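Okay, so here's the structure we're looking at.
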Amino acid sequence: MKILTTLSRADSGEARVVGIDVARDPERVRRSIGVVGQKPGLDAEATGRENLAMQAELYGLVGAARRERVDELLERLGLAEAADRLAKTYSGGMQRRLDIALGLVHEPQVLFLDEPTTGLDPEVRADLWREIERLAGDEEMTILLTTHYLEEADRLASELVIVDRGRTVAQGSPDELKNELRGDTVQVELAESADGNAAEAVSRVSGLSELAIDGRLVRARAANGAAAIPSIITALEGSGLTVASATIARPSLDDVYLRHAGRPFQQAESEDDEGTDVAA
Amino acid sequence: MTPLRHTWQVALRYIRALLRQPAWIGISLVQPVIWLLLFGALFRRTADIPGFTSSSYIDFLTPGVVVMLAVSTAGWVGMGFIEDIDRGTMDRLLVTPIWRGALNLGSVAQSVLSIVVQSMIVICLSLAVGAHFHNGLAGVAALVVVAGLLGAVFASLSNGVAVLTRQRETLIGIVTMVTLPLTFLSSALMQQSLLPGWIQGVAKFNPVNWAAEAGRSAGAPNADWGPIASRTGFLAALLLVSSAFATRAFSSYQRSI
């Protein structure tokens with residue numbers, strides 16, 4: 001991300017953004033992209049309007065054109081009323097919106113969002129998701145977003161890249177990736193610990209794969225989870241076991257991550273800081 | 001045009017922040033005022049030393065205090081950069097097409113502005129306690145100009161060090177280790193011909209001394225403008241070098257992240 005946005009230089013290799021080599025012509029890349037970093041980029045000691053005015057000047061927007069663009073952005077991101085207050089008095093959500101406004105001043109072709117919702121409360125996050133969807137939808141802006149939240153990637157991304165320990169492990173749309181897993185996860189909880197009988201009973205049910213039994217939990221994958229559940233319950237109860245509950249889950253990106261990275265997402269999170277990269 | 005406009009935008013940002021905390025100018029004046037009034041009173045009899053050419057110590061001391069305030073105000077300028085880096089503001093600016101030199105020069109401009117204001121206040125105060133400036137406004141203006149130039153040199157160095165180290169503690173250490181010795185190894189507080197020989201030798205290469213000598217002789221009777229101009233020129237040349245250093249520091253910063 002730092003290399004693509006020209007903040008940092010690559011030791012080796014080549015990278016292009018909108019067809020421009022970032023190492024050869026960083027100046028042109030900078031004019032084509034907007035960047036919203038992980039840390040807030042705003043100047044807390046200046047007002048929202050002053051922040052945007054300075055940013056606009058740096059991209060060569062001056063005079064009436066600058067004023068118009070600044071007003072438009074303040075309006076659109078819901079900051080018009082707070083425009084003349086110091087940014088340090090803004091709420092977390094407002095500061096994030098000002099950061100995004102700063103990245104949009106020059107109407108970039110590509111917007112980079114580096115973990116834009118980290119540390120935000122759920123309401124503000126949902127608000128931001130709507131704004132990102134609007135930019136990608138109505139304004140047809142290309143957005144490259146990195147995130148550690150898989151549900152965020154699932155909701156926003158049209159194209160997804162999972163990077164684990166610096167390596168790309170999967171790529172595709174969220175639906176494609178989930179469909180690759182073929183089928184639903186079926187989970188049955190027993191009233192008491194499962195024994196060998198249970199495994200044998202369930203393995204006789206046709207159409208199941210990846211059967212796993214762990215204590216009272218019986219888990220398997222089925223092409224059609226809803227159709228498989230009754231047969232599984234019948235098989236288990238037929239061998240004298242009591243079923244406490246049964247659930248079906250469509251595959252989630254967590255399952256995709258588990259499959260490609262070879263370990264659960266939460267575990268990877270605590271092991272290192274490499275998360276999921278998403279391009280929307 | 002673009003470099004100038006970008007520099008102005010950066011300067012405007014820092015100037016606005018300063019104007020929102022005007023108390024800061026007052027706080028930074030406490031030290032120079034103490035030097036001027038207390039040190040001036042303490043060493044009043046210095047003027048009686050045989051060979052001391054100024055008629056009063058306060059006449060002699062005032063330009064020295066103005067130069068000292070320039071150095072100490074400018075030394076801390078890099079703190080602003082460290083804060084900008086910590087907060088993420090610097091990274092945001094670095095991915096815009098901003099002219100790189102504007103980052104340092106804009107911050108330097110704000111620092112020079114505040115040095116000029118502080119110098120004027122100290123000069124007015126010195127006049128109130130009986131200091132004399134010869135050569136009219138030209139003498140006073142020359143003092144303010146060399147103080148501003150010296151301040152710009154130190155502000156650039158402070159910014160460069162700030163970007164390279166990115167640590168407040170390191171910057172505080174370096175500023176303290178550099179500014180105080182440079183002040184004492186100059187004629188800021190004592191006439192050059194009365195300094196020990198080795199200090200006179202060191203002082204020849206000390207920019208603080210260039211500024212103190214030039215600023216003082218501009219306000220002395222029968223000012224010799226030749227050496228004043230050449231010392232001012234040295235300071236200007238040093239400013240070019242130090243601002244190039246501060247701007248180059250950003251490439252090193254960008255390689256390291």
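Ordering of the structure tokens sets the chain letters (A, B, ...), residue numbers begin anew at 1 in every chain, and ligands are numbered from 1 in the order given.
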
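For chain A, the residues close to chain B, meaning within 8 Å and counting only C-alpha atoms, are Thr5, Thr6, Leu7, Ser8, Arg9, Glu27, Arg30, Arg31, Val35, Val36, Gly37, Lys39, Pro40, Gly41, Leu42, Asp43, Glu45, Ala46, Met54, Glu57, Leu58 and Tyr59 of chain A.
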
Residues of the last selection are to be written out with N, CA and C atoms, as a CSV table (one decimal), in the first residue's frame.
chain,number,residue,atom,x,y,z
A,5,THR,N,1.1,3.9,-3.2
A,5,THR,CA,0.7,5.3,-3.0
A,5,THR,C,1.9,6.2,-3.1
A,6,THR,N,3.1,5.7,-3.4
A,6,THR,CA,4.3,6.5,-3.6
A,6,THR,C,4.8,7.0,-2.2
A,7,LEU,N,4.3,6.6,-1.1
A,7,LEU,CA,4.8,7.0,0.2
A,7,LEU,C,6.2,6.4,0.4
A,8,SER,N,6.3,5.2,0.1
A,8,SER,CA,7.5,4.4,0.3
A,8,SER,C,8.0,3.9,-1.1
A,9,ARG,N,9.3,3.6,-1.1
A,9,ARG,CA,9.9,3.1,-2.4
A,9,ARG,C,10.2,1.6,-2.3
A,27,GLU,N,5.0,11.6,-9.3
A,27,GLU,CA,4.3,12.8,-9.4
A,27,GLU,C,2.9,12.6,-10.1
A,30,ARG,N,0.6,10.4,-8.0
A,30,ARG,CA,0.0,11.2,-6.9
A,30,ARG,C,-1.2,12.0,-7.4
A,31,ARG,N,-1.2,12.5,-8.6
A,31,ARG,CA,-2.3,13.3,-9.1
A,31,ARG,C,-3.5,12.4,-9.4
A,35,VAL,N,-5.6,9.1,-1.2
A,35,VAL,CA,-5.1,8.2,-0.2
A,35,VAL,C,-5.7,8.5,1.2
A,36,VAL,N,-6.3,7.5,1.8
A,36,VAL,CA,-6.7,7.7,3.2
A,36,VAL,C,-6.0,6.7,4.0
A,37,GLY,N,-5.0,7.1,4.8
A,37,GLY,CA,-4.1,6.2,5.5
A,37,GLY,C,-4.8,5.6,6.7
A,39,LYS,N,-3.5,6.0,9.8
A,39,LYS,CA,-3.6,7.1,10.8
A,39,LYS,C,-4.4,8.2,10.2
A,40,PRO,N,-5.0,9.0,11.1
A,40,PRO,CA,-5.7,10.2,10.5
A,40,PRO,C,-4.7,11.1,9.9
A,41,GLY,N,-5.0,11.6,8.7
A,41,GLY,CA,-4.0,12.5,8.1
A,41,GLY,C,-4.4,14.0,8.3
A,42,LEU,N,-5.5,14.2,8.9
A,42,LEU,CA,-6.0,15.6,9.1
A,42,LEU,C,-5.1,16.4,10.0
A,43,ASP,N,-5.2,17.7,9.9
A,43,ASP,CA,-4.5,18.6,10.8
A,43,ASP,C,-5.5,19.0,11.9
A,45,GLU,N,-5.3,20.8,14.4
A,45,GLU,CA,-5.3,22.2,14.9
A,45,GLU,C,-5.9,23.2,13.9
A,46,ALA,N,-6.5,22.7,12.8
A,46,ALA,CA,-7.1,23.5,11.8
A,46,ALA,C,-8.6,23.1,11.7
A,54,MET,N,-6.4,23.7,2.1
A,54,MET,CA,-5.0,23.5,1.9
A,54,MET,C,-4.7,22.3,0.9
A,57,GLU,N,-5.4,23.4,-2.6
A,57,GLU,CA,-4.3,24.2,-3.1
A,57,GLU,C,-3.1,23.4,-3.6
A,58,LEU,N,-2.8,22.3,-2.8
A,58,LEU,CA,-1.7,21.5,-3.1
A,58,LEU,C,-1.9,20.7,-4.5
A,59,TYR,N,-3.2,20.5,-4.8
A,59,TYR,CA,-3.5,19.9,-6.1
A,59,TYR,C,-3.7,21.0,-7.2

Write out as a compact mmCIF listing (two decimals) with N, CA and C atoms, in the first residue's frame the set of residues from region 13-242 of chain A that DSSP, computed on the backbone, places in strand (DSSP E).
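Final output, out_9.txt:
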# COMPACT_ATOMS: atom_id res chain seq x y z
N ARG A 16 2.58 -0.63 -10.98
CA ARG A 16 1.91 0.39 -11.77
C ARG A 16 0.55 0.69 -11.17
N VAL A 17 0.21 1.98 -11.17
CA VAL A 17 -1.12 2.40 -10.75
C VAL A 17 -1.70 3.20 -11.92
N ILE A 20 0.65 3.81 -14.62
CA ILE A 20 1.86 4.63 -14.44
C ILE A 20 2.79 3.94 -13.45
N ASP A 21 4.08 3.89 -13.82
CA ASP A 21 5.08 3.28 -12.96
C ASP A 21 5.30 4.16 -11.72
N ILE A 33 -4.33 9.53 -7.74
CA ILE A 33 -4.86 8.74 -6.63
C ILE A 33 -5.23 9.59 -5.43
N GLY A 34 -6.17 9.08 -4.64
CA GLY A 34 -6.47 9.67 -3.35
C GLY A 34 -6.08 8.64 -2.29
N VAL A 35 -5.56 9.11 -1.17
CA VAL A 35 -5.09 8.16 -0.16
C VAL A 35 -5.68 8.51 1.20
N VAL A 36 -6.29 7.51 1.83
CA VAL A 36 -6.73 7.69 3.21
C VAL A 36 -5.97 6.66 4.02
N VAL A 110 -8.39 6.58 -8.59
CA VAL A 110 -8.34 5.44 -7.66
C VAL A 110 -8.23 5.98 -6.24
N LEU A 111 -9.03 5.40 -5.35
CA LEU A 111 -8.95 5.80 -3.94
C LEU A 111 -8.38 4.64 -3.13
N PHE A 112 -7.34 4.92 -2.36
CA PHE A 112 -6.75 3.90 -1.48
C PHE A 112 -7.27 4.12 -0.07
N LEU A 113 -7.86 3.09 0.49
CA LEU A 113 -8.33 3.17 1.87
C LEU A 113 -7.60 2.10 2.69
N ASP A 114 -6.76 2.54 3.59
CA ASP A 114 -5.95 1.60 4.37
C ASP A 114 -6.64 1.38 5.72
N THR A 142 -12.64 3.52 -8.59
CA THR A 142 -11.95 2.29 -8.21
C THR A 142 -11.42 2.49 -6.80
N ILE A 143 -11.74 1.57 -5.93
CA ILE A 143 -11.29 1.72 -4.55
C ILE A 143 -10.48 0.50 -4.16
N LEU A 144 -9.29 0.74 -3.63
CA LEU A 144 -8.51 -0.35 -3.08
C LEU A 144 -8.52 -0.22 -1.57
N LEU A 145 -9.08 -1.21 -0.94
CA LEU A 145 -9.29 -1.13 0.50
C LEU A 145 -8.62 -2.30 1.20
N THR A 146 -7.86 -2.03 2.22
CA THR A 146 -7.33 -3.15 3.00
C THR A 146 -8.11 -3.22 4.30
N THR A 147 -8.29 -4.43 4.80
CA THR A 147 -9.04 -4.56 6.04
C THR A 147 -8.65 -5.84 6.75
N GLU A 159 -13.83 -7.59 -5.89
CA GLU A 159 -12.67 -8.43 -6.18
C GLU A 159 -11.85 -8.48 -4.90
N LEU A 160 -11.45 -9.68 -4.53
CA LEU A 160 -10.84 -9.84 -3.21
C LEU A 160 -9.50 -10.56 -3.33
N VAL A 161 -8.52 -10.08 -2.62
CA VAL A 161 -7.24 -10.76 -2.59
C VAL A 161 -6.92 -11.06 -1.13
N ILE A 162 -6.66 -12.31 -0.82
CA ILE A 162 -6.28 -12.64 0.56
C ILE A 162 -4.77 -12.79 0.61
N VAL A 163 -4.17 -12.00 1.47
CA VAL A 163 -2.72 -12.03 1.61
C VAL A 163 -2.40 -12.59 2.99
N ASP A 164 -1.62 -13.66 3.01
CA ASP A 164 -1.24 -14.26 4.28
C ASP A 164 0.27 -14.32 4.36
N ARG A 167 2.05 -13.28 1.27
CA ARG A 167 1.83 -14.06 0.06
C ARG A 167 0.37 -13.99 -0.33
N THR A 168 0.09 -13.86 -1.63
CA THR A 168 -1.30 -13.91 -2.07
C THR A 168 -1.74 -15.36 -2.04
N VAL A 169 -2.80 -15.67 -1.26
CA VAL A 169 -3.22 -17.07 -1.18
C VAL A 169 -4.53 -17.31 -1.91
N ALA A 170 -5.30 -16.27 -2.18
CA ALA A 170 -6.55 -16.48 -2.91
C ALA A 170 -6.97 -15.18 -3.57
N GLN A 171 -7.69 -15.29 -4.67
CA GLN A 171 -8.10 -14.12 -5.40
C GLN A 171 -9.40 -14.41 -6.13
N GLY A 172 -10.34 -13.48 -6.10
CA GLY A 172 -11.61 -13.67 -6.79
C GLY A 172 -12.66 -12.81 -6.14
N ASP A 184 -22.70 -26.00 2.02
CA ASP A 184 -22.91 -25.37 3.31
C ASP A 184 -22.19 -26.15 4.40
N THR A 185 -21.98 -25.46 5.49
CA THR A 185 -21.46 -26.15 6.67
C THR A 185 -22.66 -26.57 7.51
N VAL A 186 -22.71 -27.85 7.85
CA VAL A 186 -23.80 -28.35 8.68
C VAL A 186 -23.20 -28.71 10.03
N GLN A 187 -23.84 -28.25 11.10
CA GLN A 187 -23.29 -28.54 12.42
C GLN A 187 -24.40 -29.04 13.33
N VAL A 188 -24.15 -30.17 13.94
CA VAL A 188 -25.15 -30.75 14.84
C VAL A 188 -24.54 -30.88 16.22
N GLU A 189 -25.29 -30.42 17.22
CA GLU A 189 -24.78 -30.54 18.59
C GLU A 189 -25.55 -31.65 19.29
N LEU A 190 -24.83 -32.55 19.92
CA LEU A 190 -25.47 -33.66 20.61
C LEU A 190 -25.65 -33.35 22.08
N LEU A 208 -22.20 -36.11 2.10
CA LEU A 208 -21.46 -35.30 3.07
C LEU A 208 -19.97 -35.41 2.80
N SER A 209 -19.27 -34.36 3.12
CA SER A 209 -17.81 -34.42 3.03
C SER A 209 -17.21 -33.69 4.21
N GLU A 210 -15.90 -33.81 4.34
CA GLU A 210 -15.17 -33.14 5.42
C GLU A 210 -15.83 -33.33 6.79
N LEU A 211 -16.22 -34.57 7.07
CA LEU A 211 -16.86 -34.87 8.35
C LEU A 211 -15.86 -34.73 9.49
N ALA A 212 -16.28 -34.01 10.52
CA ALA A 212 -15.39 -33.84 11.68
C ALA A 212 -16.20 -33.94 12.94
N ILE A 213 -15.70 -34.68 13.94
CA ILE A 213 -16.41 -34.80 15.20
C ILE A 213 -15.51 -34.33 16.32
N ASP A 214 -16.03 -33.42 17.10
CA ASP A 214 -15.21 -32.83 18.16
C ASP A 214 -16.08 -32.72 19.41
N LEU A 217 -19.82 -31.92 19.18
CA LEU A 217 -20.12 -31.29 17.89
C LEU A 217 -19.81 -32.20 16.72
N VAL A 218 -20.77 -32.31 15.81
CA VAL A 218 -20.58 -33.06 14.58
C VAL A 218 -20.66 -32.05 13.45
N ARG A 219 -19.59 -31.95 12.65
CA ARG A 219 -19.60 -30.96 11.59
C ARG A 219 -19.31 -31.63 10.26
N ALA A 220 -20.00 -31.18 9.21
CA ALA A 220 -19.75 -31.72 7.88
C ALA A 220 -20.13 -30.69 6.84
N ARG A 221 -19.69 -30.92 5.62
CA ARG A 221 -20.04 -30.03 4.53
C ARG A 221 -21.01 -30.78 3.62
N ALA A 222 -22.07 -30.06 3.15
CA ALA A 222 -23.05 -30.71 2.27
C ALA A 222 -23.43 -29.74 1.16

Residues within 12 Å of Val202 (chain B), only C-alpha atoms, excluding chain neighbours under 2 positions, as a list in words
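Residues near the query, excluding close chain neighbours: Pro181, Leu182, Thr183, Phe184, Leu185, Ser186, Ser187, Gln192, Leu195, Pro196, Gly197, Trp198, Ile199, Gln200, Lys204, Phe205, Asn206, Pro207, Val208, Asn209 and Trp210 of chain B.
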
Selected residues written out with N, CA and C atoms, as a PDB file, in the first residue's frame:
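In the end it all went to out_5.pdb:
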ATOM      1  N   PRO B 181      26.305  25.377  23.883  1.00  0.00           N
ATOM      2  CA  PRO B 181      27.732  25.598  23.613  1.00  0.00           C
ATOM      3  C   PRO B 181      27.968  26.623  22.502  1.00  0.00           C
ATOM      4  N   LEU B 182      27.175  26.554  21.435  1.00  0.00           N
ATOM      5  CA  LEU B 182      27.392  27.506  20.343  1.00  0.00           C
ATOM      6  C   LEU B 182      27.174  28.937  20.823  1.00  0.00           C
ATOM      7  N   THR B 183      26.231  29.110  21.754  1.00  0.00           N
ATOM      8  CA  THR B 183      25.981  30.446  22.280  1.00  0.00           C
ATOM      9  C   THR B 183      27.186  30.927  23.093  1.00  0.00           C
ATOM     10  N   PHE B 184      27.732  30.041  23.926  1.00  0.00           N
ATOM     11  CA  PHE B 184      28.856  30.458  24.782  1.00  0.00           C
ATOM     12  C   PHE B 184      30.164  30.546  24.006  1.00  0.00           C
ATOM     13  N   LEU B 185      30.252  29.840  22.871  1.00  0.00           N
ATOM     14  CA  LEU B 185      31.458  29.936  22.043  1.00  0.00           C
ATOM     15  C   LEU B 185      31.304  31.053  21.019  1.00  0.00           C
ATOM     16  N   SER B 186      30.620  32.119  21.428  1.00  0.00           N
ATOM     17  CA  SER B 186      30.429  33.257  20.526  1.00  0.00           C
ATOM     18  C   SER B 186      30.536  34.538  21.340  1.00  0.00           C
ATOM     19  N   SER B 187      30.405  35.646  20.667  1.00  0.00           N
ATOM     20  CA  SER B 187      30.480  36.925  21.371  1.00  0.00           C
ATOM     21  C   SER B 187      29.096  37.408  21.794  1.00  0.00           C
ATOM     22  N   GLN B 192      34.372  39.969  21.657  1.00  0.00           N
ATOM     23  CA  GLN B 192      35.236  38.947  21.069  1.00  0.00           C
ATOM     24  C   GLN B 192      36.700  39.077  21.489  1.00  0.00           C
ATOM     25  N   LEU B 195      37.600  37.507  24.810  1.00  0.00           N
ATOM     26  CA  LEU B 195      37.393  36.061  25.006  1.00  0.00           C
ATOM     27  C   LEU B 195      38.738  35.361  25.040  1.00  0.00           C
ATOM     28  N   PRO B 196      38.830  34.199  25.713  1.00  0.00           N
ATOM     29  CA  PRO B 196      40.065  33.412  25.655  1.00  0.00           C
ATOM     30  C   PRO B 196      40.402  33.092  24.198  1.00  0.00           C
ATOM     31  N   GLY B 197      41.688  32.960  23.909  1.00  0.00           N
ATOM     32  CA  GLY B 197      42.131  32.749  22.535  1.00  0.00           C
ATOM     33  C   GLY B 197      41.450  31.587  21.826  1.00  0.00           C
ATOM     34  N   TRP B 198      41.332  30.456  22.522  1.00  0.00           N
ATOM     35  CA  TRP B 198      40.770  29.278  21.828  1.00  0.00           C
ATOM     36  C   TRP B 198      39.304  29.500  21.484  1.00  0.00           C
ATOM     37  N   ILE B 199      38.569  30.217  22.359  1.00  0.00           N
ATOM     38  CA  ILE B 199      37.164  30.496  22.023  1.00  0.00           C
ATOM     39  C   ILE B 199      37.100  31.437  20.827  1.00  0.00           C
ATOM     40  N   GLN B 200      38.000  32.428  20.788  1.00  0.00           N
ATOM     41  CA  GLN B 200      38.027  33.318  19.618  1.00  0.00           C
ATOM     42  C   GLN B 200      38.227  32.510  18.339  1.00  0.00           C
ATOM     43  N   LYS B 204      35.216  31.919  15.161  1.00  0.00           N
ATOM     44  CA  LYS B 204      35.315  32.301  13.740  1.00  0.00           C
ATOM     45  C   LYS B 204      34.452  31.402  12.857  1.00  0.00           C
ATOM     46  N   PHE B 205      34.273  30.136  13.283  1.00  0.00           N
ATOM     47  CA  PHE B 205      33.512  29.187  12.452  1.00  0.00           C
ATOM     48  C   PHE B 205      32.103  28.960  12.992  1.00  0.00           C
ATOM     49  N   ASN B 206      31.708  29.781  13.941  1.00  0.00           N
ATOM     50  CA  ASN B 206      30.417  29.574  14.599  1.00  0.00           C
ATOM     51  C   ASN B 206      29.371  30.532  14.028  1.00  0.00           C
ATOM     52  N   PRO B 207      28.351  29.992  13.367  1.00  0.00           N
ATOM     53  CA  PRO B 207      27.331  30.866  12.753  1.00  0.00           C
ATOM     54  C   PRO B 207      26.632  31.765  13.780  1.00  0.00           C
ATOM     55  N   VAL B 208      26.511  31.273  15.027  1.00  0.00           N
ATOM     56  CA  VAL B 208      25.891  32.119  16.053  1.00  0.00           C
ATOM     57  C   VAL B 208      26.737  33.379  16.237  1.00  0.00           C
ATOM     58  N   ASN B 209      28.064  33.192  16.174  1.00  0.00           N
ATOM     59  CA  ASN B 209      28.960  34.335  16.311  1.00  0.00           C
ATOM     60  C   ASN B 209      28.850  35.281  15.117  1.00  0.00           C
ATOM     61  N   TRP B 210      28.744  34.700  13.893  1.00  0.00           N
ATOM     62  CA  TRP B 210      28.584  35.560  12.715  1.00  0.00           C
ATOM     63  C   TRP B 210      27.384  36.481  12.905  1.00  0.00           C
TER      64      TRP B 210
END

I'd like the neighbourhood of Arg76 (chain A) as an NGL selection string, where a residue qualifies if any of its atoms comes within 12 Å (using only C-alpha atoms), though same-chain residues fewer than 4 positions away should be ignored.
:A and (69-72 or 80-81 or 83 or 97-98 or 100-101 or 104-105 or 131 or 134-135)

List every residue of region 83-213 of chain A that DSSP, applied to the backbone, labels as alpha helix (DSSP H), and write the result as a count of residues only.
51

Using only C-alpha atoms: which of A:Ser206, A:Ser239, A:Gln109, A:Ser158 has the shortest distance to Asn224 (chain A):
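With only C-alpha atoms as the atom set, the closest residue is A:Ser206.
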